[in-house]
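Working notes for the structure below.
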Amino acid sequence: MFEQQLTSTMGPGDTQIGDERRDDHHDGDEVTVRTMSSSPNGKTVASGSQDGIVKLWDVETGKVVVKWKGPSDSVKSLCWYPNGERVMSGLWDRTARVCDVDSGGSVQGLTPIETGYQHVYAMSYSPNTTLAI
């Protein structure tokens with residue numbers, strides 16, 4: 001059950017966990033959120049869950065603005081492209097996927113990335129957009 005509110009506190013990049021918030025389009029099944037990551041401008045938070053769904057939450061309203069399901073059963077890690085236009089998810093199936101934040105669609109030519117690792121628990125972009133998994 002996702003029982004955390006995403007609220008803006010002082011400015012870009014400052015996000016606080018607080019009271020309960022839920023996805024209005026939630027189908028009633030309870031799932032575990034495995035990972036969360038704040039966007040570079042601090043206005044959106046990405047959450048990845050055990051059921052393979054990535055949700056983008058508007059920090060100010062606490063509402064889900066975009067969500068997508070990947071081919072894997074579980075999202076283990078998330079990171080934002082430095083300009084905030086893409087989110088990469090590290091998945092249970094040994095892959096990483098790059099998705100466009102406006103559509104949730106996979107970015108062609110960049111996905112899936114076969115990592116060679118059993119699971120992808122962490123990843124990050126450097127400031128010059130070089131990826132590290």
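Lettering and numbering for the structure tokens are positional, with chains as A, B, ... in the shown order, residues counted from 1 in each chain, and ligands counted from 1 in the shown order.
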| request: With a distance cut-off of 10 Å and only C-alpha atoms, select the neighbouring residues of stretch 119-122 of chain A, excluding the residue or stretch itself and same-chain residues fewer than 3 positions from it, and output the selection as a PyMOL selection string. | output: chain A and resi 34-35+74-79+89-96+115-116+132-133
| field | Test item, strand (DSSP E or B) assignment across stretch 13-118 of chain A, answer as a ChimeraX atom specification | value | /A:15-17,33-38,44-49,53-58,64-69,75-80,86-91,95-100,106,113-114
| field | stretch 36-49 of chain A surroundings by only C-alpha atoms, 7 Å radius, close-in-sequence under 4 positions cut, as a PyMOL selection string | value | chain A and resi 12-15+31-32+53-59+74-75+78-80+82-84
| request: Calculate how many Å separate atom CA of A:Lys63 from atom CA of A:Glu85, rounding to one decimal. | output: 18.7 Å
| Exercise: A:Asp73 partners within 7 Å, only C-alpha atoms, chain neighbours under 2 positions left out, as a PyMOL selection string | chain A and resi 50-52+71+92
Could those residues be written to a file, using all heavy atoms, as a tab-separated table (two decimals), in the first residue's frame?
```tsv
chain	number	residue	atom	x	y	z
A	50	GLN	N	6.82	-3.45	-7.19
A	50	GLN	CA	6.99	-4.89	-7.30
A	50	GLN	C	6.22	-5.47	-8.48
A	50	GLN	O	6.61	-6.49	-9.02
A	50	GLN	CB	6.50	-5.52	-6.00
A	50	GLN	CG	6.65	-7.00	-5.91
A	50	GLN	CD	6.25	-7.48	-4.53
A	50	GLN	OE1	6.53	-6.83	-3.53
A	50	GLN	NE2	5.58	-8.61	-4.47
A	51	ASP	N	5.16	-4.81	-8.93
A	51	ASP	CA	4.37	-5.32	-10.05
A	51	ASP	C	4.87	-4.84	-11.41
A	51	ASP	O	4.24	-5.06	-12.44
A	51	ASP	CB	2.89	-4.96	-9.89
A	51	ASP	CG	2.63	-3.47	-9.84
A	51	ASP	OD1	3.59	-2.67	-9.92
A	51	ASP	OD2	1.46	-3.09	-9.72
A	52	GLY	N	6.04	-4.16	-11.44
A	52	GLY	CA	6.64	-3.71	-12.69
A	52	GLY	C	6.13	-2.38	-13.20
A	52	GLY	O	6.46	-1.98	-14.32
A	71	PRO	N	8.16	-4.94	-19.13
A	71	PRO	CA	8.01	-6.38	-19.34
A	71	PRO	C	8.39	-7.22	-18.13
A	71	PRO	O	8.12	-8.40	-18.09
A	71	PRO	CB	8.96	-6.66	-20.50
A	71	PRO	CG	10.01	-5.61	-20.35
A	71	PRO	CD	9.31	-4.39	-19.83
A	92	TRP	N	14.09	-6.53	-12.65
A	92	TRP	CA	14.35	-7.86	-12.13
A	92	TRP	C	14.91	-8.79	-13.21
A	92	TRP	O	15.63	-9.73	-12.93
A	92	TRP	CB	13.06	-8.41	-11.56
A	92	TRP	CG	13.16	-9.75	-10.93
A	92	TRP	CD1	12.81	-10.95	-11.48
A	92	TRP	CD2	13.65	-10.05	-9.63
A	92	TRP	NE1	13.03	-11.97	-10.61
A	92	TRP	CE2	13.55	-11.44	-9.44
A	92	TRP	CE3	14.15	-9.28	-8.58
A	92	TRP	CZ2	13.94	-12.07	-8.27
A	92	TRP	CZ3	14.52	-9.91	-7.42
A	92	TRP	CH2	14.42	-11.29	-7.27
```
| query | Mind pulling up the distance from atom CA of A:Val101 to atom CA of A:Pro127? | reply | 18.8 Å
| message | Nearest residue to A:Glu114 out of A:Arg97, A:Gly62, A:Arg86, A:Lys67, using only C-alpha atoms? | response | A:Arg97
| Spatial neighbours of A:Cys99, 6 Å, only C-alpha atoms, chain gap at least 5 places, as a PyMOL selection string | chain A and resi 86-87+104-107
Can I get the selection written as a compact mmCIF listing (two decimals), in the first residue's frame, with N, CA and C atoms?
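Result went into out05.txt, see below:
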```
# COMPACT_ATOMS: atom_id res chain seq x y z
N ARG A 86 13.70 11.82 -19.43
CA ARG A 86 13.66 10.36 -19.46
C ARG A 86 13.88 9.79 -18.07
N VAL A 87 13.32 8.60 -17.86
CA VAL A 87 13.55 7.85 -16.63
C VAL A 87 14.06 6.48 -17.04
N GLY A 104 5.72 7.66 -21.48
CA GLY A 104 5.97 6.38 -20.83
C GLY A 104 6.49 5.33 -21.79
N GLY A 105 6.62 5.72 -23.05
CA GLY A 105 7.09 4.77 -24.06
C GLY A 105 8.60 4.60 -24.03
N SER A 106 9.04 3.41 -24.42
CA SER A 106 10.46 3.13 -24.48
C SER A 106 11.14 4.01 -25.53
N VAL A 107 12.35 4.47 -25.21
CA VAL A 107 13.13 5.27 -26.14
C VAL A 107 13.84 4.30 -27.09
```
| What is the atom CA of A:Tyr125-atom CA of A:Val98 distance in Å, reported with one decimal? | 11.8 Å
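Minimum atom-to-atom distances from A:Met88, A:Met123, A:Gln118, A:Ser103 to A:Trp68 were compared using only C-alpha atoms, and the lowest value belongs to A:Ser103.
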